[in-house]
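Visitor: mmCIF, C-alpha atoms and all ligand atoms, saved as my_file.cif, coming up:
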data_structure
loop_
_atom_site.label_atom_id
_atom_site.label_comp_id
_atom_site.auth_asym_id
_atom_site.auth_seq_id
_atom_site.Cartn_x
_atom_site.Cartn_y
_atom_site.Cartn_z
CA MET A 731 -42.76 213.44 -2.17
CA GLY A 732 -42.60 216.06 -4.93
CA ALA A 733 -45.21 216.81 -7.61
CA ALA A 734 -48.40 214.73 -7.87
CA HIS A 735 -47.31 212.76 -10.94
CA SER A 736 -43.82 211.88 -9.81
CA ALA A 737 -45.13 211.15 -6.33
CA SER A 738 -47.49 208.47 -7.61
CA GLU A 739 -44.70 206.94 -9.67
CA GLU A 740 -42.52 206.98 -6.61
CA VAL A 741 -45.22 205.25 -4.60
CA ARG A 742 -45.61 202.54 -7.26
CA GLU A 743 -41.89 201.95 -7.19
CA LEU A 744 -41.92 201.68 -3.41
CA GLU A 745 -44.88 199.26 -3.57
CA GLY A 746 -42.81 196.97 -5.77
CA LYS A 747 -39.74 197.21 -3.57
CA THR A 748 -41.38 196.78 -0.18
CA GLY A 749 -44.63 194.93 -0.79
CA PHE A 750 -46.68 197.61 0.98
CA SER A 751 -49.91 198.89 -0.56
CA SER A 752 -50.14 202.55 -1.56
CA ASP A 753 -52.40 203.21 1.46
CA GLN A 754 -49.87 201.68 3.81
CA ILE A 755 -47.07 203.69 2.18
CA GLU A 756 -49.06 206.87 2.60
CA GLN A 757 -49.76 206.07 6.23
CA LEU A 758 -46.11 205.25 6.88
CA HIS A 759 -45.07 208.45 5.16
CA ARG A 760 -47.17 210.43 7.61
CA ARG A 761 -45.57 208.52 10.47
CA PHE A 762 -42.13 209.14 9.02
CA LYS A 763 -42.77 212.87 8.80
CA GLN A 764 -44.02 212.86 12.35
CA LEU A 765 -40.90 211.08 13.54
CA SER A 766 -38.48 213.21 11.53
CA GLY A 767 -40.20 216.51 12.36
CA ASP A 768 -40.86 217.03 8.64
CA GLN A 769 -37.23 216.47 7.69
CA PRO A 770 -36.07 214.23 4.83
CA THR A 771 -34.21 211.89 7.16
CA ILE A 772 -34.50 210.37 10.64
CA ARG A 773 -31.66 210.19 13.14
CA LYS A 774 -31.45 208.10 16.31
CA GLU A 775 -32.48 211.08 18.47
CA ASN A 776 -35.82 211.26 16.67
CA PHE A 777 -36.85 208.04 18.41
CA ASN A 778 -36.50 209.63 21.85
CA ASN A 779 -40.04 210.98 21.64
CA VAL A 780 -41.82 207.74 20.88
CA PRO A 781 -43.93 206.97 23.98
CA ASP A 782 -44.38 203.30 23.13
CA LEU A 783 -40.65 202.82 23.32
CA GLU A 784 -40.25 204.35 26.76
CA LEU A 785 -40.92 201.19 28.73
CA ASN A 786 -39.45 198.83 26.22
CA PRO A 787 -36.48 196.97 27.72
CA ILE A 788 -34.79 196.47 24.35
CA ARG A 789 -35.49 199.94 23.10
CA SER A 790 -31.87 200.74 22.28
CA LYS A 791 -31.57 197.54 20.25
CA ILE A 792 -34.77 198.29 18.35
CA VAL A 793 -33.66 201.81 17.51
CA ARG A 794 -30.22 200.57 16.51
CA ALA A 795 -31.83 198.00 14.20
CA PHE A 796 -33.33 200.82 12.13
CA PHE A 797 -29.82 202.07 11.33
CA ASP A 798 -28.14 198.69 10.90
CA ASN A 799 -26.69 198.47 7.38
CA ARG A 800 -27.51 194.77 7.24
CA ASN A 801 -31.21 195.52 7.74
CA LEU A 802 -31.03 198.43 5.31
CA ARG A 803 -29.44 196.03 2.79
CA LYS A 804 -26.55 198.43 2.42
CA GLY A 805 -23.69 196.34 3.68
CA SER A 806 -22.63 193.49 5.95
CA SER A 807 -21.86 195.62 8.99
CA GLY A 808 -21.90 199.13 10.42
CA LEU A 809 -24.57 201.69 11.18
CA ALA A 810 -26.04 204.51 9.12
CA ASP A 811 -26.12 208.00 10.68
CA GLU A 812 -29.55 208.72 9.28
CA ILE A 813 -32.21 207.00 7.20
CA ASN A 814 -34.55 208.32 4.53
CA PHE A 815 -38.16 207.30 3.87
CA GLU A 816 -37.25 204.39 1.61
CA ASP A 817 -34.90 203.04 4.29
CA PHE A 818 -37.66 203.42 6.86
CA LEU A 819 -40.01 201.40 4.64
CA THR A 820 -37.36 198.73 4.21
CA ILE A 821 -37.18 198.30 7.99
CA MET A 822 -40.94 198.41 8.41
CA SER A 823 -41.37 195.81 5.67
CA TYR A 824 -39.85 193.17 7.97
CA PHE A 825 -43.02 193.56 10.03
CA ARG A 826 -45.47 193.76 7.17
CA PRO A 827 -48.74 192.02 8.09
CA ILE A 828 -49.19 188.67 6.35
CA ASP A 829 -51.43 189.29 3.37
CA THR A 830 -54.19 186.73 2.64
CA THR A 831 -53.24 186.78 -1.05
CA MET A 832 -49.70 185.55 -0.30
CA ASP A 833 -48.88 181.96 -1.19
CA GLU A 834 -47.05 179.66 1.21
CA GLU A 835 -43.66 180.46 -0.32
CA GLN A 836 -44.15 184.21 0.14
CA VAL A 837 -45.31 183.70 3.72
CA GLN A 838 -42.17 181.64 4.44
CA LEU A 839 -39.99 184.29 2.81
CA CYS A 840 -41.53 187.03 4.96
CA ARG A 841 -40.99 184.93 8.05
CA LYS A 842 -37.36 184.32 7.11
CA GLU A 843 -36.69 188.02 6.55
CA LYS A 844 -38.20 188.83 9.90
CA LEU A 845 -36.09 186.17 11.61
CA ARG A 846 -33.02 187.61 9.91
CA PHE A 847 -33.87 191.01 11.35
CA LEU A 848 -34.19 189.44 14.83
CA PHE A 849 -30.94 187.55 14.32
CA HIS A 850 -29.14 190.83 13.61
CA MET A 851 -30.38 192.23 16.92
CA TYR A 852 -28.52 189.47 18.75
CA ASP A 853 -25.43 189.38 16.53
CA SER A 854 -24.22 192.81 17.56
CA ASP A 855 -20.71 192.51 16.07
CA SER A 856 -22.07 191.38 12.67
CA ASP A 857 -19.83 188.32 12.42
CA GLY A 858 -22.70 185.99 11.52
CA ARG A 859 -22.81 184.15 14.85
CA ILE A 860 -24.63 184.76 18.10
CA THR A 861 -22.12 184.02 20.84
CA LEU A 862 -23.05 183.22 24.42
CA GLU A 863 -21.97 186.72 25.44
CA GLU A 864 -24.21 188.37 22.83
CA TYR A 865 -27.08 186.12 23.78
CA ARG A 866 -26.73 186.88 27.51
CA ASN A 867 -26.69 190.55 26.71
CA VAL A 868 -30.06 190.43 24.95
CA VAL A 869 -31.72 188.19 27.53
CA GLU A 870 -30.52 190.39 30.38
CA GLU A 871 -31.95 193.43 28.65
CA LEU A 872 -35.20 191.70 27.81
CA LEU A 873 -35.73 190.63 31.39
CA SER A 874 -34.47 193.85 32.95
CA GLY A 875 -38.03 195.21 33.00
CA ASN A 876 -39.16 192.37 35.25
CA PRO A 877 -38.38 193.20 38.91
CA HIS A 878 -38.83 189.54 39.92
CA ILE A 879 -35.95 188.32 37.82
CA GLU A 880 -32.40 188.80 39.10
CA LYS A 881 -29.56 189.39 36.69
CA GLU A 882 -28.14 186.03 37.76
CA SER A 883 -31.36 184.25 36.70
CA ALA A 884 -31.36 186.03 33.36
CA ARG A 885 -27.86 184.76 32.86
CA SER A 886 -28.77 181.18 33.70
CA ILE A 887 -31.77 181.34 31.36
CA ALA A 888 -29.40 182.50 28.63
CA ASP A 889 -26.84 179.81 29.41
CA GLY A 890 -29.49 177.09 29.44
CA ALA A 891 -30.96 178.31 26.17
CA MET A 892 -27.52 178.33 24.57
CA MET A 893 -26.92 174.72 25.66
CA GLU A 894 -30.23 173.77 24.12
CA ALA A 895 -29.24 175.57 20.93
CA ALA A 896 -26.01 173.57 20.80
CA SER A 897 -27.82 170.28 21.31
CA VAL A 898 -30.39 171.08 18.61
CA CYS A 899 -27.81 172.33 16.10
CA VAL A 900 -24.83 170.08 16.76
CA GLY A 901 -26.36 167.12 18.54
CA GLN A 902 -24.26 165.20 21.04
CA MET A 903 -21.17 167.31 21.75
CA GLU A 904 -17.79 165.77 22.52
CA PRO A 905 -16.38 166.78 25.93
CA ASP A 906 -13.74 169.03 24.34
CA GLN A 907 -16.04 170.37 21.61
CA VAL A 908 -17.00 174.04 21.77
CA TYR A 909 -20.16 175.44 20.20
CA GLU A 910 -19.02 178.74 18.75
CA GLY A 911 -22.42 180.29 18.45
CA ILE A 912 -25.68 180.32 16.57
CA THR A 913 -25.44 180.88 12.82
CA PHE A 914 -28.46 182.09 10.88
CA ASP A 915 -29.11 178.53 9.66
CA ASP A 916 -29.04 177.36 13.28
CA PHE A 917 -31.37 180.21 14.14
CA LEU A 918 -33.88 179.00 11.53
CA LYS A 919 -33.60 175.45 12.84
CA LEU A 920 -34.18 176.68 16.40
CA SER A 921 -37.27 178.59 15.42
CA HIS A 922 -38.90 175.21 14.70
CA HIS A 923 -38.34 174.08 18.28
CA PRO A 924 -41.14 175.74 20.21
CA TRP A 925 -40.47 173.54 23.25
CA SER A 926 -37.05 174.97 23.95
CA SER A 927 -36.39 177.81 26.35
CA TRP A 928 -34.40 179.35 23.53
CA ALA A 929 -37.51 179.64 21.41
CA ARG A 930 -39.54 180.87 24.35
CA VAL A 931 -37.16 183.74 24.91
CA ALA A 932 -36.66 184.49 21.24
CA GLU A 933 -40.17 184.25 19.92
CA GLU A 934 -42.39 185.24 22.80
CA GLN A 935 -40.36 187.89 24.54
CA GLU A 936 -38.53 189.45 21.68
CA SER A 937 -41.17 189.49 19.02
CA TRP A 938 -43.70 190.51 21.63
CA ALA A 939 -41.58 193.54 22.43
CA LEU A 940 -40.87 194.30 18.81
CA GLU A 941 -44.34 193.80 17.51
CA LEU A 942 -45.89 195.75 20.31
CA VAL A 943 -43.87 198.71 19.16
CA VAL A 944 -44.17 198.36 15.45
CA TRP A 945 -47.81 197.28 15.29
CA HIS A 946 -48.89 199.77 17.82
CA TRP A 947 -47.67 202.73 15.91
CA VAL A 948 -48.37 201.55 12.48
CA TRP A 949 -51.23 199.14 12.05
CA TRP A 950 -53.17 199.00 15.27
CA PRO A 951 -56.72 199.64 14.02
CA GLU A 952 -58.03 201.24 17.20
CA CYS A 953 -55.06 203.55 17.36
CA PRO A 954 -55.30 205.76 14.29
CA LEU A 955 -52.36 207.96 13.42
CA GLY A 956 -52.31 211.25 15.19
CA PRO A 957 -49.91 213.33 17.20
CA TRP A 958 -47.86 211.37 19.74
CA PRO A 959 -49.82 211.39 22.97
CA GLY A 960 -48.16 213.19 25.86
CA CA A 1001 -21.56 187.84 16.76
#
The structure in this file should be written as structure tokens.
Ligand SMILES: [Ca+2]

Guide:
Amino acid sequence: MGAAHSASEEVRELEGKTGFSSDQIEQLHRRFKQLSGDQPTIRKENFNNVPDLELNPIRSKIVRAFFDNRNLRKGSSGLADEINFEDFLTIMSYFRPIDTTMDEEQVQLCRKEKLRFLFHMYDSDSDGRITLEEYRNVVEELLSGNPHIEKESARSIADGAMMEAASVCVGQMEPDQVYEGITFDDFLKLSHHPWSSWARVAEEQESWALELVVWHWVWWPECPLGPWPG
């Protein structure tokens, strides 16, 4: 982070861009250095040593999300080869804890940004729609860690959830009408339907997996930063 003076200016700039406090930025910088092995950038391989990711069924999707240009706000598709500290903060800011000083509008904005990040994990070809195939793919991965669930059941959960999505977003479909997939607006609409199996999969399973990872390494109060165990 350079000399003391420029470093503090840099931190202030990052506070404005990401909404993190200077303490959080400092803490994340230590984590970044740990991940990168003291290098200026992180590559995908650097995530191989994160123990909390080992048992995570959607680990490859989470790691990929860090390099997704859409999440880095650097383009509408494609992946970066490596990310610097500011990029890392941008990704982490999607999981910034809700601050008690935030007003309702800011809370909603944070929630929307986080949902957009989740949406990108499903929409793997970056065309702005989650197709049935893309959805099945995520659900199968999410449930792959559960030995009691067969691949076939994962598929039927995905298919059922997609039908629910169509009925919420389009309403009564004509017999020859095809629902082409979930747009981000549909995705927002669906997130207000906690009764649907779609929302159960999306919110409980996926954010559970994601937040476990992100919170655990970054903000978990009983788990102070230190060397990676093991
Ligand atoms: Ca897509």

Visitor: May I ask you to write as number ranges by chain all residues lying at most 12 Å from ligand CA 1001 (chain A), with only C-alpha atoms and all ligand atoms counted?

Guide: A: 807, 849-867, 910-914

Visitor: Could you list, as a list of chain:residue names, every residue within 12 Å of A:Gly875, counting all atoms listed in the file and ignoring same-chain residues fewer than 5 positions away?

Guide: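 Within the cut-off, the hits are A:Glu784, A:Leu785, A:Asn786, A:Pro787, A:Ile788, A:Arg789, A:Val869, A:Glu870, A:Glu880, A:Lys881, A:Ala884, A:Gln935, A:Ala939.
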
Visitor: Which of these residues is nearest to A:Ile813, using only C-alpha atoms: A:Arg826, A:Arg885, A:Arg773, A:Lys763?

Guide: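 Closest candidate: A:Arg773.
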
Visitor: Quick one: distance from atom CA of A:Ser883 to atom CA of A:Glu904 in Å, one decimal?

Guide: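 According to the coordinates, atom CA of A:Ser883 and atom CA of A:Glu904 are separated by 27.0 Å.
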
Visitor: Out of A:Asp829, A:Asp817, A:Glu740, A:Glu871, which residue has the shortest atom-to-atom distance to A:Ser790 when counting all atoms listed in the file?

Guide: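 Using all atoms listed in the file, the shortest distance to A:Ser790 belongs to A:Glu871.
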
Visitor: What separation in Å, quoted to one decimal, exists between atom CA of A:Ala888 and atom CA of A:Leu920?

Guide: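 Rounded to one decimal, the two atoms are 14.4 Å apart.
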
Visitor: Could you tell me how far atom CA of A:His878 sits from atom CA of A:Gly890, in Å to one decimal place?

Guide: 18.8 Å

Visitor: Compare A:Ser823, A:Asp768, A:Arg800, A:Thr830 by their minimum atom-to-atom distance to A:Gln754, counting all atoms listed in the file, and give me the closest one.

Guide: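 Using all atoms listed in the file, the shortest distance to A:Gln754 belongs to A:Ser823.
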
Visitor: Please tell me which residues are no farther than 12 Å from (-52.0, 199.7, 3.1) in the file, counting all atoms listed in the file, and write them as a VMD selection string.

Guide: chain A and resid 741 745 748 to 759 823 826 to 829 948 to 949 951

Visitor: Can you pull out every residue within 9 Å of A:Phe797, counting all atoms listed in the file, but drop anything in the same chain fewer than 6 positions away, and send it as a list of chain:residue names?

Guide: A:Arg773, A:Lys774, A:Gly808, A:Leu809, A:Ala810, A:Asp811, A:Glu812, A:Ile813, A:Asp817, A:Ile821

Visitor: Can you spit out the residues from that selection as a tab-separated table (two decimals), in the frame of the given file, using C-alpha atoms?

Guide:
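Result saved to out-v4.tsv:
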chain	number	residue	atom	x	y	z
A	773	ARG	CA	-31.66	210.19	13.14
A	774	LYS	CA	-31.45	208.10	16.31
A	808	GLY	CA	-21.90	199.13	10.42
A	809	LEU	CA	-24.57	201.69	11.18
A	810	ALA	CA	-26.04	204.51	9.12
A	811	ASP	CA	-26.12	208.00	10.68
A	812	GLU	CA	-29.55	208.72	9.28
A	813	ILE	CA	-32.21	207.00	7.20
A	817	ASP	CA	-34.90	203.04	4.29
A	821	ILE	CA	-37.18	198.30	7.99

Visitor: Can you give me N, CA and C atoms for stretch 776-790 of chain A, written as a short mmCIF file (atom, residue, chain, number, x, y, z; two decimals), in the frame of the given file?

Guide:
data_model
loop_
_atom_site.label_atom_id
_atom_site.label_comp_id
_atom_site.auth_asym_id
_atom_site.auth_seq_id
_atom_site.Cartn_x
_atom_site.Cartn_y
_atom_site.Cartn_z
N ASN A 776 -34.40 211.10 16.97
CA ASN A 776 -35.82 211.26 16.67
C ASN A 776 -36.69 210.21 17.37
N PHE A 777 -36.08 209.09 17.75
CA PHE A 777 -36.85 208.04 18.41
C PHE A 777 -37.06 208.31 19.90
N ASN A 778 -36.37 209.34 20.42
CA ASN A 778 -36.50 209.63 21.85
C ASN A 778 -37.91 210.01 22.26
N ASN A 779 -38.70 210.50 21.30
CA ASN A 779 -40.04 210.98 21.64
C ASN A 779 -41.15 209.97 21.40
N VAL A 780 -40.78 208.72 21.14
CA VAL A 780 -41.82 207.74 20.88
C VAL A 780 -42.28 207.12 22.20
N PRO A 781 -43.51 207.44 22.65
CA PRO A 781 -43.93 206.97 23.98
C PRO A 781 -43.96 205.45 24.10
N ASP A 782 -44.30 204.76 23.02
CA ASP A 782 -44.38 203.30 23.13
C ASP A 782 -43.03 202.65 23.38
N LEU A 783 -41.97 203.39 23.11
CA LEU A 783 -40.65 202.82 23.32
C LEU A 783 -40.13 203.04 24.74
N GLU A 784 -40.78 203.95 25.45
CA GLU A 784 -40.25 204.35 26.76
C GLU A 784 -40.03 203.19 27.72
N LEU A 785 -41.01 202.28 27.77
CA LEU A 785 -40.92 201.19 28.73
C LEU A 785 -40.36 199.92 28.11
N ASN A 786 -39.92 200.04 26.89
CA ASN A 786 -39.45 198.83 26.22
C ASN A 786 -38.02 198.49 26.64
N PRO A 787 -37.82 197.28 27.20
CA PRO A 787 -36.48 196.97 27.72
C PRO A 787 -35.42 196.90 26.62
N ILE A 788 -35.81 196.58 25.40
CA ILE A 788 -34.79 196.47 24.35
C ILE A 788 -34.87 197.64 23.38
N ARG A 789 -35.33 198.75 23.91
CA ARG A 789 -35.49 199.94 23.10
C ARG A 789 -34.22 200.33 22.32
N SER A 790 -33.07 200.30 22.99
CA SER A 790 -31.87 200.74 22.28
C SER A 790 -31.53 199.79 21.13
#
